[in-house]
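Structure first, commentary second.
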Amino acid sequence: MTLENTSNIMLSGEKSKLLLCNTYDFSFVIKIPNHICTYRETKDPSQMFSMLISKVSHPQPGASGSLGPEQPTHQPRQLQVTMDAEGLALLLPPPVTLAALVDSWLREDCPGLNYAALVSGAGPSQAALWAKSPGVLAGQPFFDAIFTQLNCQVSWFLPEGSKLVPVARVAEVRGPAHRLLLGERVALNMLARCSGIASAAAAAVEAARGAGWTGHVAGTRKTTPGFRLVEKYGLLVGGAASHRYDLGGLVMVKDNHVVAAGGVEKAVRAARQAADFTLKVEVECSSLQEAVQAAEAGADLVLLDNFKPEELHPTATVLKAQFPSVAVEASGGITLDNLPQFCGPHIDVISMGMLTQAAPALDFSLKLFAKEAAPVPKIH
């Protein structure tokens, strides 16, 4: 995990203390009232937090990180965090959890007799993994877990997050022939899906940065049942935020919650009581009036849902003028084509369900070969 070198961030709050808030899974949000803090590079997460606390506890008078009144800012508040492949792998659950997930996939594909195994036999074999479409490579830990379960070994030629230019030889798998073929389709399905999501996420982040916007591009909870871990991981490889991983990651007050509670104020009050000090509260709003009510009631984030760009930005401007410490998220109907229209100085987060719901899968193939040189597959 690496903090971008000399990243400056201005954050605001009402209480004079450092809060470490897990707003979106796998990303860190830090609120430091009336401070501008400068962070230097570190690869050790424990050092990162020690450094941040030290930076606030021992400011340098007159330096760029010194104490002083917060100046108005019209840029989305953020802490740029990038993770290499090793860092991303550390985020995943323990091997036993991955093994259980992989076991469910393999049981689904082979719940009974595998007659084709009599054709291939159990002799030692090797297969080459080929990428046949452009995109971002993602899913190596799950690919490894699948073939580890089948007593096969994987050797990677490209690191996680690599930009794929077809036709590319990505990896080689060795093991008993019938085991290689047993894991083939499961592994390819997972890799194609995860890489497709990473590719879409990378394209979205690139479009946002190309528009000069520096906020968070995020996924949503609109994931495939039983496949959420892979899809959320793919978002991270592509450079997007994963948003909340599950219902316990953030108290999200949706329109149905407001109806059930009897109004925005009652809903937020109940949410704040449930969240205590450990979670943030976000409220979905369909109008400026609802957004103001949510902010007044104590919401940390306001989700402006299904706003057109010409409605979104004026609403966010008014809201930020009244409640500068409230984060604003835009969502609903946002695609790679229209994403730049939703980027603006008062928007902190843009969440896109299409990153997991509509990302095209990449094309991979796993080809057994008998000789030292693996034949290059054709692209159809």
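Each chain in the structure tokens gets a letter, A, B and so on, in the order shown; residues start at 1 in every chain, and ligands are counted from 1 in the order they appear.
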For this session: Per DSSP on the backbone, filter segment 126-367 of chain A down to the residues in strand (DSSP E) and report them as a PyMOL selection string.
Result: chain A and resi 126-131+135-136+153-156+163-164+168-176+216-218+251-253+281-285+301-305+327-331+349-351+364-367
Would you output that residue set with N, CA and C atoms, as a compact mmCIF listing (two decimals), in the first residue's frame?
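Listing of again-v1.txt after writing:
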```txt
# COMPACT_ATOMS: atom_id res chain seq x y z
N GLN A 126 0.95 -29.56 -19.01
CA GLN A 126 1.10 -28.13 -18.83
C GLN A 126 0.18 -27.41 -19.81
N ALA A 127 -0.27 -26.22 -19.41
CA ALA A 127 -1.17 -25.44 -20.24
C ALA A 127 -0.77 -23.97 -20.17
N ALA A 128 -0.93 -23.29 -21.29
CA ALA A 128 -0.62 -21.86 -21.35
C ALA A 128 -1.92 -21.05 -21.27
N LEU A 129 -1.90 -20.00 -20.46
CA LEU A 129 -3.03 -19.09 -20.36
C LEU A 129 -2.78 -17.91 -21.29
N TRP A 130 -3.71 -17.68 -22.20
CA TRP A 130 -3.57 -16.63 -23.21
C TRP A 130 -4.66 -15.57 -23.03
N ALA A 131 -4.28 -14.30 -23.15
CA ALA A 131 -5.25 -13.20 -23.18
C ALA A 131 -5.48 -12.84 -24.63
N GLY A 135 -7.27 -5.13 -22.28
CA GLY A 135 -7.89 -4.78 -21.00
C GLY A 135 -6.89 -4.82 -19.87
N VAL A 136 -7.39 -4.97 -18.66
CA VAL A 136 -6.56 -5.00 -17.45
C VAL A 136 -6.66 -6.38 -16.81
N GLN A 153 0.07 -26.14 -10.21
CA GLN A 153 0.92 -24.99 -9.92
C GLN A 153 0.81 -23.96 -11.04
N VAL A 154 0.74 -22.68 -10.66
CA VAL A 154 0.59 -21.58 -11.62
C VAL A 154 1.85 -20.72 -11.61
N SER A 155 2.36 -20.41 -12.78
CA SER A 155 3.49 -19.48 -12.93
C SER A 155 3.01 -18.30 -13.77
N TRP A 156 3.11 -17.09 -13.23
CA TRP A 156 2.63 -15.91 -13.93
C TRP A 156 3.76 -15.21 -14.68
N LYS A 163 -1.66 -4.11 -18.29
CA LYS A 163 -2.47 -3.81 -19.46
C LYS A 163 -2.20 -4.89 -20.51
N LEU A 164 -3.25 -5.55 -20.92
CA LEU A 164 -3.12 -6.68 -21.84
C LEU A 164 -3.21 -6.22 -23.28
N ALA A 168 -1.48 -12.29 -25.69
CA ALA A 168 -0.43 -12.25 -24.68
C ALA A 168 -0.43 -13.54 -23.87
N ARG A 169 0.75 -14.12 -23.71
CA ARG A 169 0.89 -15.29 -22.86
C ARG A 169 0.99 -14.81 -21.41
N VAL A 170 -0.02 -15.10 -20.62
CA VAL A 170 -0.15 -14.52 -19.29
C VAL A 170 0.42 -15.42 -18.21
N ALA A 171 0.21 -16.72 -18.33
CA ALA A 171 0.65 -17.64 -17.28
C ALA A 171 0.78 -19.04 -17.83
N GLU A 172 1.32 -19.92 -16.99
CA GLU A 172 1.41 -21.34 -17.33
C GLU A 172 0.97 -22.15 -16.11
N VAL A 173 0.20 -23.18 -16.36
CA VAL A 173 -0.32 -24.03 -15.28
C VAL A 173 0.18 -25.45 -15.50
N ARG A 174 0.67 -26.09 -14.46
CA ARG A 174 1.17 -27.46 -14.55
C ARG A 174 0.48 -28.35 -13.52
N GLY A 175 0.21 -29.58 -13.93
CA GLY A 175 -0.43 -30.53 -13.03
C GLY A 175 -1.01 -31.69 -13.81
N PRO A 176 -1.72 -32.61 -13.14
CA PRO A 176 -2.35 -33.74 -13.84
C PRO A 176 -3.35 -33.23 -14.88
N HIS A 216 -13.52 10.38 -6.02
CA HIS A 216 -13.53 8.91 -6.05
C HIS A 216 -14.52 8.38 -7.08
N VAL A 217 -14.03 7.57 -8.00
CA VAL A 217 -14.90 6.75 -8.85
C VAL A 217 -15.11 5.45 -8.09
N ALA A 218 -16.37 5.07 -7.87
CA ALA A 218 -16.66 3.91 -7.02
C ALA A 218 -17.64 2.97 -7.68
N VAL A 251 -23.88 2.95 6.97
CA VAL A 251 -25.33 3.00 7.16
C VAL A 251 -25.92 3.82 6.02
N MET A 252 -26.47 3.13 5.05
CA MET A 252 -27.04 3.78 3.88
C MET A 252 -28.55 3.88 4.05
N VAL A 253 -29.06 5.10 4.16
CA VAL A 253 -30.49 5.34 4.29
C VAL A 253 -31.06 5.59 2.90
N VAL A 281 -22.97 7.74 8.10
CA VAL A 281 -24.35 7.66 7.64
C VAL A 281 -24.48 8.40 6.32
N GLU A 282 -25.01 7.71 5.31
CA GLU A 282 -25.26 8.32 4.02
C GLU A 282 -26.75 8.26 3.72
N VAL A 283 -27.29 9.31 3.13
CA VAL A 283 -28.72 9.40 2.86
C VAL A 283 -28.95 9.64 1.38
N GLU A 284 -29.78 8.79 0.79
CA GLU A 284 -30.17 8.95 -0.62
C GLU A 284 -31.23 10.03 -0.71
N CYS A 285 -31.00 11.01 -1.58
CA CYS A 285 -31.92 12.14 -1.72
C CYS A 285 -32.28 12.35 -3.19
N LEU A 301 -22.75 11.83 4.56
CA LEU A 301 -22.71 11.85 3.10
C LEU A 301 -24.14 11.97 2.58
N VAL A 302 -24.28 12.66 1.47
CA VAL A 302 -25.57 12.78 0.80
C VAL A 302 -25.43 12.21 -0.60
N LEU A 303 -26.31 11.28 -0.93
CA LEU A 303 -26.31 10.66 -2.26
C LEU A 303 -27.37 11.33 -3.11
N LEU A 304 -26.94 12.06 -4.12
CA LEU A 304 -27.86 12.68 -5.06
C LEU A 304 -28.11 11.67 -6.17
N ASP A 305 -29.25 11.04 -6.10
CA ASP A 305 -29.53 9.88 -6.96
C ASP A 305 -30.39 10.26 -8.15
N ALA A 327 -20.03 15.18 2.56
CA ALA A 327 -19.57 14.67 1.26
C ALA A 327 -20.77 14.42 0.36
N VAL A 328 -20.58 14.66 -0.92
CA VAL A 328 -21.65 14.52 -1.91
C VAL A 328 -21.29 13.41 -2.89
N GLU A 329 -22.21 12.46 -3.03
CA GLU A 329 -22.05 11.37 -3.99
C GLU A 329 -23.11 11.48 -5.07
N ALA A 330 -22.69 11.26 -6.31
CA ALA A 330 -23.61 11.24 -7.44
C ALA A 330 -23.73 9.82 -7.96
N SER A 331 -24.95 9.42 -8.28
CA SER A 331 -25.16 8.07 -8.77
C SER A 331 -26.45 8.02 -9.59
N VAL A 349 -17.81 11.89 -4.76
CA VAL A 349 -17.85 10.49 -5.17
C VAL A 349 -18.82 10.32 -6.32
N ILE A 350 -18.43 9.55 -7.31
CA ILE A 350 -19.33 9.14 -8.39
C ILE A 350 -19.36 7.62 -8.39
N SER A 351 -20.53 7.05 -8.08
CA SER A 351 -20.66 5.60 -8.04
C SER A 351 -21.38 5.11 -9.28
N PHE A 364 -10.14 -15.03 -22.51
CA PHE A 364 -8.94 -15.80 -22.19
C PHE A 364 -9.13 -17.23 -22.66
N SER A 365 -8.03 -17.91 -22.89
CA SER A 365 -8.09 -19.35 -23.19
C SER A 365 -6.94 -20.06 -22.49
N LEU A 366 -7.16 -21.32 -22.17
CA LEU A 366 -6.15 -22.16 -21.51
C LEU A 366 -5.89 -23.35 -22.43
N LYS A 367 -4.69 -23.42 -22.98
CA LYS A 367 -4.37 -24.42 -24.00
C LYS A 367 -3.27 -25.37 -23.51
```
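Taking the backbone of this structure through DSSP, the residues of segment 259-305 of chain A that come out as helix (DSSP H, G or I) are Val259, Ala260, Ala261, Val264, Glu265, Lys266, Ala267, Val268, Arg269, Ala270, Ala271, Arg272, Gln273, Ala274, Ala275, Leu288, Gln289, Glu290, Ala291, Val292, Gln293, Ala294, Ala295, Glu296 and Ala297 of chain A.
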Produce a file of the selected residues containing N, CA and C atoms, as a short mmCIF file (atom, residue, chain, number, x, y, z; two decimals), in the first residue's frame.
```cif
data_model
loop_
_atom_site.label_atom_id
_atom_site.label_comp_id
_atom_site.auth_asym_id
_atom_site.auth_seq_id
_atom_site.Cartn_x
_atom_site.Cartn_y
_atom_site.Cartn_z
N VAL A 259 -39.27 6.22 3.83
CA VAL A 259 -40.72 5.97 3.86
C VAL A 259 -41.08 5.16 5.10
N ALA A 260 -40.31 4.10 5.38
CA ALA A 260 -40.60 3.24 6.51
C ALA A 260 -40.45 3.98 7.84
N ALA A 261 -39.47 4.90 7.92
CA ALA A 261 -39.22 5.62 9.17
C ALA A 261 -40.17 6.79 9.38
N VAL A 264 -37.24 11.98 6.49
CA VAL A 264 -35.78 12.03 6.45
C VAL A 264 -35.19 12.22 7.84
N GLU A 265 -35.74 13.16 8.60
CA GLU A 265 -35.18 13.46 9.92
C GLU A 265 -35.24 12.26 10.85
N LYS A 266 -36.37 11.57 10.88
CA LYS A 266 -36.52 10.40 11.73
C LYS A 266 -35.58 9.28 11.28
N ALA A 267 -35.45 9.13 9.96
CA ALA A 267 -34.58 8.07 9.43
C ALA A 267 -33.13 8.32 9.79
N VAL A 268 -32.67 9.56 9.64
CA VAL A 268 -31.27 9.88 9.95
C VAL A 268 -31.01 9.76 11.45
N ARG A 269 -31.97 10.18 12.26
CA ARG A 269 -31.80 10.08 13.71
C ARG A 269 -31.63 8.62 14.13
N ALA A 270 -32.46 7.74 13.56
CA ALA A 270 -32.35 6.32 13.87
C ALA A 270 -31.03 5.75 13.36
N ALA A 271 -30.61 6.21 12.18
CA ALA A 271 -29.35 5.73 11.61
C ALA A 271 -28.16 6.17 12.45
N ARG A 272 -28.20 7.40 12.93
CA ARG A 272 -27.10 7.91 13.76
C ARG A 272 -27.01 7.13 15.06
N GLN A 273 -28.15 6.78 15.62
CA GLN A 273 -28.15 6.00 16.84
C GLN A 273 -27.58 4.61 16.61
N ALA A 274 -27.91 4.01 15.46
CA ALA A 274 -27.41 2.67 15.14
C ALA A 274 -25.92 2.71 14.80
N ALA A 275 -25.49 3.76 14.12
CA ALA A 275 -24.09 3.85 13.67
C ALA A 275 -23.13 4.12 14.82
N LEU A 288 -33.09 18.86 -3.60
CA LEU A 288 -32.28 19.71 -2.73
C LEU A 288 -32.89 19.78 -1.34
N GLN A 289 -34.22 19.84 -1.27
CA GLN A 289 -34.88 19.91 0.03
C GLN A 289 -34.54 18.70 0.89
N GLU A 290 -34.60 17.50 0.31
CA GLU A 290 -34.25 16.29 1.06
C GLU A 290 -32.78 16.31 1.47
N ALA A 291 -31.93 16.79 0.57
CA ALA A 291 -30.49 16.82 0.87
C ALA A 291 -30.20 17.74 2.05
N VAL A 292 -30.85 18.90 2.08
CA VAL A 292 -30.66 19.84 3.19
C VAL A 292 -31.19 19.23 4.49
N GLN A 293 -32.34 18.58 4.42
CA GLN A 293 -32.90 17.93 5.60
C GLN A 293 -31.94 16.85 6.13
N ALA A 294 -31.37 16.07 5.22
CA ALA A 294 -30.45 15.02 5.62
C ALA A 294 -29.20 15.60 6.29
N ALA A 295 -28.64 16.66 5.69
CA ALA A 295 -27.44 17.28 6.25
C ALA A 295 -27.73 17.91 7.61
N GLU A 296 -28.86 18.56 7.73
CA GLU A 296 -29.24 19.17 9.01
C GLU A 296 -29.44 18.12 10.09
N ALA A 297 -29.91 16.94 9.69
CA ALA A 297 -30.17 15.87 10.65
C ALA A 297 -28.90 15.14 11.06
#
```
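Residue nearest Asp337 of chain A, chosen from A:Ala374, A:Leu247, A:Ala207, A:Ile197 and counting only C-alpha atoms: A:Ala207.
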Problem set entry | Shell around Pro141 of chain A at 9 Å using only C-alpha atoms, local window under 6 positions removed, as a PyMOL selection string | chain A and resi 89+92+98
Restricted to C-alpha atoms, what would the selected residues look like written as a PDB file, in the first residue's frame?
```
ATOM      1  CA  ALA A  89      -3.572  -9.531  -2.174  1.00  0.00           C
ATOM      2  CA  LEU A  92      -8.195 -10.593   0.746  1.00  0.00           C
ATOM      3  CA  LEU A  98     -10.772 -18.420  -0.617  1.00  0.00           C
TER       4      LEU A  98
END
```
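Excluding Val230 of chain A and any residue on its chain fewer than 2 positions from it, the residues at most 9 Å away by only C-alpha atoms are Gly139, Phe142, Met190, Arg193, Cys194, Phe227, Arg228, Lys232, Tyr233, Gly234 and Leu235 of chain A.
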Exercise. Which residues, written as number ranges by chain, have at least one atom at most 10 Å from Leu101 of chain A, with only C-alpha atoms counted and residues fewer than 4 positions away on the same chain left out?
Worked result: A: 95-97, 105-106, 142, 145-146, 226-227, 229
Can you tell me, as an mmCIF file with N, CA, C and O atoms, in the first residue's frame, what residues are no more than 10 Å from Lys222 of chain A when counting only C-alpha atoms, ignoring any on the same chain fewer than 4 positions away?
```cif
data_model
loop_
_atom_site.group_PDB
_atom_site.id
_atom_site.type_symbol
_atom_site.label_atom_id
_atom_site.label_comp_id
_atom_site.auth_asym_id
_atom_site.auth_seq_id
_atom_site.Cartn_x
_atom_site.Cartn_y
_atom_site.Cartn_z
ATOM 1 N N ARG A 228 -19.280 -11.493 -5.062
ATOM 2 C CA ARG A 228 -18.990 -10.108 -4.694
ATOM 3 C C ARG A 228 -17.515 -9.876 -4.417
ATOM 4 O O ARG A 228 -16.957 -8.845 -4.817
ATOM 5 N N GLU A 231 -15.651 -9.399 -7.608
ATOM 6 C CA GLU A 231 -16.020 -8.176 -8.322
ATOM 7 C C GLU A 231 -15.511 -6.923 -7.610
ATOM 8 O O GLU A 231 -15.041 -5.979 -8.259
ATOM 9 N N MET A 352 -20.920 3.983 -9.798
ATOM 10 C CA MET A 352 -21.409 3.476 -11.076
ATOM 11 C C MET A 352 -21.729 1.991 -10.970
ATOM 12 O O MET A 352 -20.833 1.161 -10.861
ATOM 13 N N GLY A 353 -23.006 1.659 -11.012
ATOM 14 C CA GLY A 353 -23.413 0.263 -10.957
ATOM 15 C C GLY A 353 -22.984 -0.522 -12.175
ATOM 16 O O GLY A 353 -22.761 -1.731 -12.100
ATOM 17 N N MET A 354 -22.816 0.176 -13.302
ATOM 18 C CA MET A 354 -22.453 -0.524 -14.536
ATOM 19 C C MET A 354 -21.066 -1.138 -14.477
ATOM 20 O O MET A 354 -20.751 -2.045 -15.246
ATOM 21 N N LEU A 355 -20.227 -0.698 -13.559
ATOM 22 C CA LEU A 355 -18.879 -1.261 -13.477
ATOM 23 C C LEU A 355 -18.913 -2.743 -13.137
ATOM 24 O O LEU A 355 -18.037 -3.507 -13.557
ATOM 25 N N THR A 356 -19.911 -3.166 -12.358
ATOM 26 C CA THR A 356 -20.047 -4.584 -12.033
ATOM 27 C C THR A 356 -21.214 -5.240 -12.775
ATOM 28 O O THR A 356 -21.222 -6.457 -12.945
ATOM 29 N N GLN A 357 -22.191 -4.449 -13.198
ATOM 30 C CA GLN A 357 -23.370 -5.029 -13.840
ATOM 31 C C GLN A 357 -23.241 -5.144 -15.356
ATOM 32 O O GLN A 357 -23.879 -6.003 -15.965
#
```
For this session: Name the residues in contact with segment 343-347 of chain A at a cut-off of 9 Å, using only C-alpha atoms, excluding same-chain residues fewer than 2 positions from it; report them as number ranges by chain.
Result: A: 73-76, 208, 211-215, 309, 312-313, 316-317, 319-320, 327-330, 339-341, 349-350
Could you write out the selected residues, including N, CA, C and O atoms, as an mmCIF file, in the first residue's frame?
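Contents of result_24.cif, as written:
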```cif
data_model
loop_
_atom_site.group_PDB
_atom_site.id
_atom_site.type_symbol
_atom_site.label_atom_id
_atom_site.label_comp_id
_atom_site.auth_asym_id
_atom_site.auth_seq_id
_atom_site.Cartn_x
_atom_site.Cartn_y
_atom_site.Cartn_z
ATOM 1 N N THR A 73 -12.254 25.506 -0.096
ATOM 2 C CA THR A 73 -11.751 24.712 -1.213
ATOM 3 C C THR A 73 -12.908 24.217 -2.050
ATOM 4 O O THR A 73 -13.976 23.929 -1.527
ATOM 5 N N HIS A 74 -12.708 24.147 -3.341
ATOM 6 C CA HIS A 74 -13.767 23.713 -4.241
ATOM 7 C C HIS A 74 -13.353 22.463 -4.988
ATOM 8 O O HIS A 74 -13.864 22.184 -6.058
ATOM 9 N N GLN A 75 -12.387 21.745 -4.411
ATOM 10 C CA GLN A 75 -11.975 20.476 -4.989
ATOM 11 C C GLN A 75 -12.501 19.340 -4.138
ATOM 12 O O GLN A 75 -12.580 19.466 -2.919
ATOM 13 N N PRO A 76 -12.871 18.222 -4.751
ATOM 14 C CA PRO A 76 -13.340 17.075 -3.968
ATOM 15 C C PRO A 76 -12.297 16.656 -2.944
ATOM 16 O O PRO A 76 -11.105 16.593 -3.245
ATOM 17 N N ALA A 208 -12.539 10.157 -15.745
ATOM 18 C CA ALA A 208 -12.704 11.168 -14.701
ATOM 19 C C ALA A 208 -11.467 12.044 -14.573
ATOM 20 O O ALA A 208 -11.562 13.275 -14.471
ATOM 21 N N ALA A 211 -11.140 14.529 -17.290
ATOM 22 C CA ALA A 211 -12.018 15.691 -17.134
ATOM 23 C C ALA A 211 -11.498 16.644 -16.067
ATOM 24 O O ALA A 211 -12.140 17.656 -15.767
ATOM 25 N N GLY A 212 -10.358 16.308 -15.469
ATOM 26 C CA GLY A 212 -9.773 17.161 -14.444
ATOM 27 C C GLY A 212 -10.381 16.979 -13.071
ATOM 28 O O GLY A 212 -10.157 17.803 -12.176
ATOM 29 N N TRP A 213 -11.113 15.890 -12.873
ATOM 30 C CA TRP A 213 -11.791 15.642 -11.591
ATOM 31 C C TRP A 213 -10.934 14.723 -10.739
ATOM 32 O O TRP A 213 -10.370 13.744 -11.241
ATOM 33 N N THR A 214 -10.861 14.983 -9.444
ATOM 34 C CA THR A 214 -9.946 14.232 -8.578
ATOM 35 C C THR A 214 -10.665 13.462 -7.476
ATOM 36 O O THR A 214 -10.032 13.000 -6.531
ATOM 37 N N GLY A 215 -11.989 13.329 -7.565
ATOM 38 C CA GLY A 215 -12.729 12.600 -6.543
ATOM 39 C C GLY A 215 -12.650 11.098 -6.725
ATOM 40 O O GLY A 215 -11.839 10.575 -7.494
ATOM 41 N N PRO A 309 -27.128 15.936 -15.042
ATOM 42 C CA PRO A 309 -25.982 16.806 -14.755
ATOM 43 C C PRO A 309 -26.363 18.264 -14.544
ATOM 44 O O PRO A 309 -25.813 18.933 -13.658
ATOM 45 N N LEU A 312 -27.722 18.294 -11.071
ATOM 46 C CA LEU A 312 -26.788 17.816 -10.055
ATOM 47 C C LEU A 312 -25.876 18.916 -9.530
ATOM 48 O O LEU A 312 -25.763 19.129 -8.315
ATOM 49 N N HIS A 313 -25.212 19.612 -10.425
ATOM 50 C CA HIS A 313 -24.174 20.552 -10.010
ATOM 51 C C HIS A 313 -24.724 21.764 -9.260
ATOM 52 O O HIS A 313 -24.144 22.162 -8.231
ATOM 53 N N ALA A 316 -25.569 20.441 -5.752
ATOM 54 C CA ALA A 316 -24.361 20.193 -4.964
ATOM 55 C C ALA A 316 -23.711 21.499 -4.522
ATOM 56 O O ALA A 316 -23.188 21.599 -3.404
ATOM 57 N N THR A 317 -23.750 22.509 -5.365
ATOM 58 C CA THR A 317 -23.163 23.802 -5.027
ATOM 59 C C THR A 317 -23.865 24.428 -3.828
ATOM 60 O O THR A 317 -23.223 24.902 -2.883
ATOM 61 N N LEU A 319 -25.726 22.867 -1.595
ATOM 62 C CA LEU A 319 -25.547 22.011 -0.431
ATOM 63 C C LEU A 319 -24.180 22.216 0.208
ATOM 64 O O LEU A 319 -24.054 22.331 1.435
ATOM 65 N N LYS A 320 -23.145 22.276 -0.606
ATOM 66 C CA LYS A 320 -21.786 22.456 -0.091
ATOM 67 C C LYS A 320 -21.602 23.833 0.548
ATOM 68 O O LYS A 320 -20.829 23.991 1.502
ATOM 69 N N ALA A 327 -20.026 15.178 2.561
ATOM 70 C CA ALA A 327 -19.573 14.668 1.264
ATOM 71 C C ALA A 327 -20.772 14.420 0.356
ATOM 72 O O ALA A 327 -21.849 14.024 0.819
ATOM 73 N N VAL A 328 -20.576 14.660 -0.925
ATOM 74 C CA VAL A 328 -21.652 14.515 -1.907
ATOM 75 C C VAL A 328 -21.293 13.414 -2.888
ATOM 76 O O VAL A 328 -20.217 13.430 -3.494
ATOM 77 N N GLU A 329 -22.207 12.460 -3.027
ATOM 78 C CA GLU A 329 -22.047 11.366 -3.990
ATOM 79 C C GLU A 329 -23.105 11.480 -5.074
ATOM 80 O O GLU A 329 -24.271 11.772 -4.797
ATOM 81 N N ALA A 330 -22.689 11.261 -6.308
ATOM 82 C CA ALA A 330 -23.615 11.242 -7.435
ATOM 83 C C ALA A 330 -23.733 9.823 -7.956
ATOM 84 O O ALA A 330 -22.742 9.099 -8.050
ATOM 85 N N LEU A 339 -19.909 10.011 -18.080
ATOM 86 C CA LEU A 339 -19.237 10.240 -16.801
ATOM 87 C C LEU A 339 -18.667 11.650 -16.660
ATOM 88 O O LEU A 339 -18.869 12.296 -15.620
ATOM 89 N N PRO A 340 -17.957 12.192 -17.669
ATOM 90 C CA PRO A 340 -17.385 13.537 -17.501
ATOM 91 C C PRO A 340 -18.424 14.605 -17.178
ATOM 92 O O PRO A 340 -18.101 15.595 -16.511
ATOM 93 N N GLN A 341 -19.666 14.415 -17.609
ATOM 94 C CA GLN A 341 -20.705 15.408 -17.337
ATOM 95 C C GLN A 341 -21.065 15.470 -15.851
ATOM 96 O O GLN A 341 -21.590 16.475 -15.379
ATOM 97 N N VAL A 349 -17.814 11.890 -4.758
ATOM 98 C CA VAL A 349 -17.849 10.487 -5.165
ATOM 99 C C VAL A 349 -18.822 10.320 -6.322
ATOM 100 O O VAL A 349 -19.904 10.914 -6.319
ATOM 101 N N ILE A 350 -18.426 9.549 -7.312
ATOM 102 C CA ILE A 350 -19.328 9.143 -8.391
ATOM 103 C C ILE A 350 -19.363 7.622 -8.390
ATOM 104 O O ILE A 350 -18.345 6.967 -8.624
#
```
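Closest approach to Ser242 of chain A among A:Pro111, A:Pro225, A:Gly219, A:Gly263: A:Gly219, based on only C-alpha atoms.
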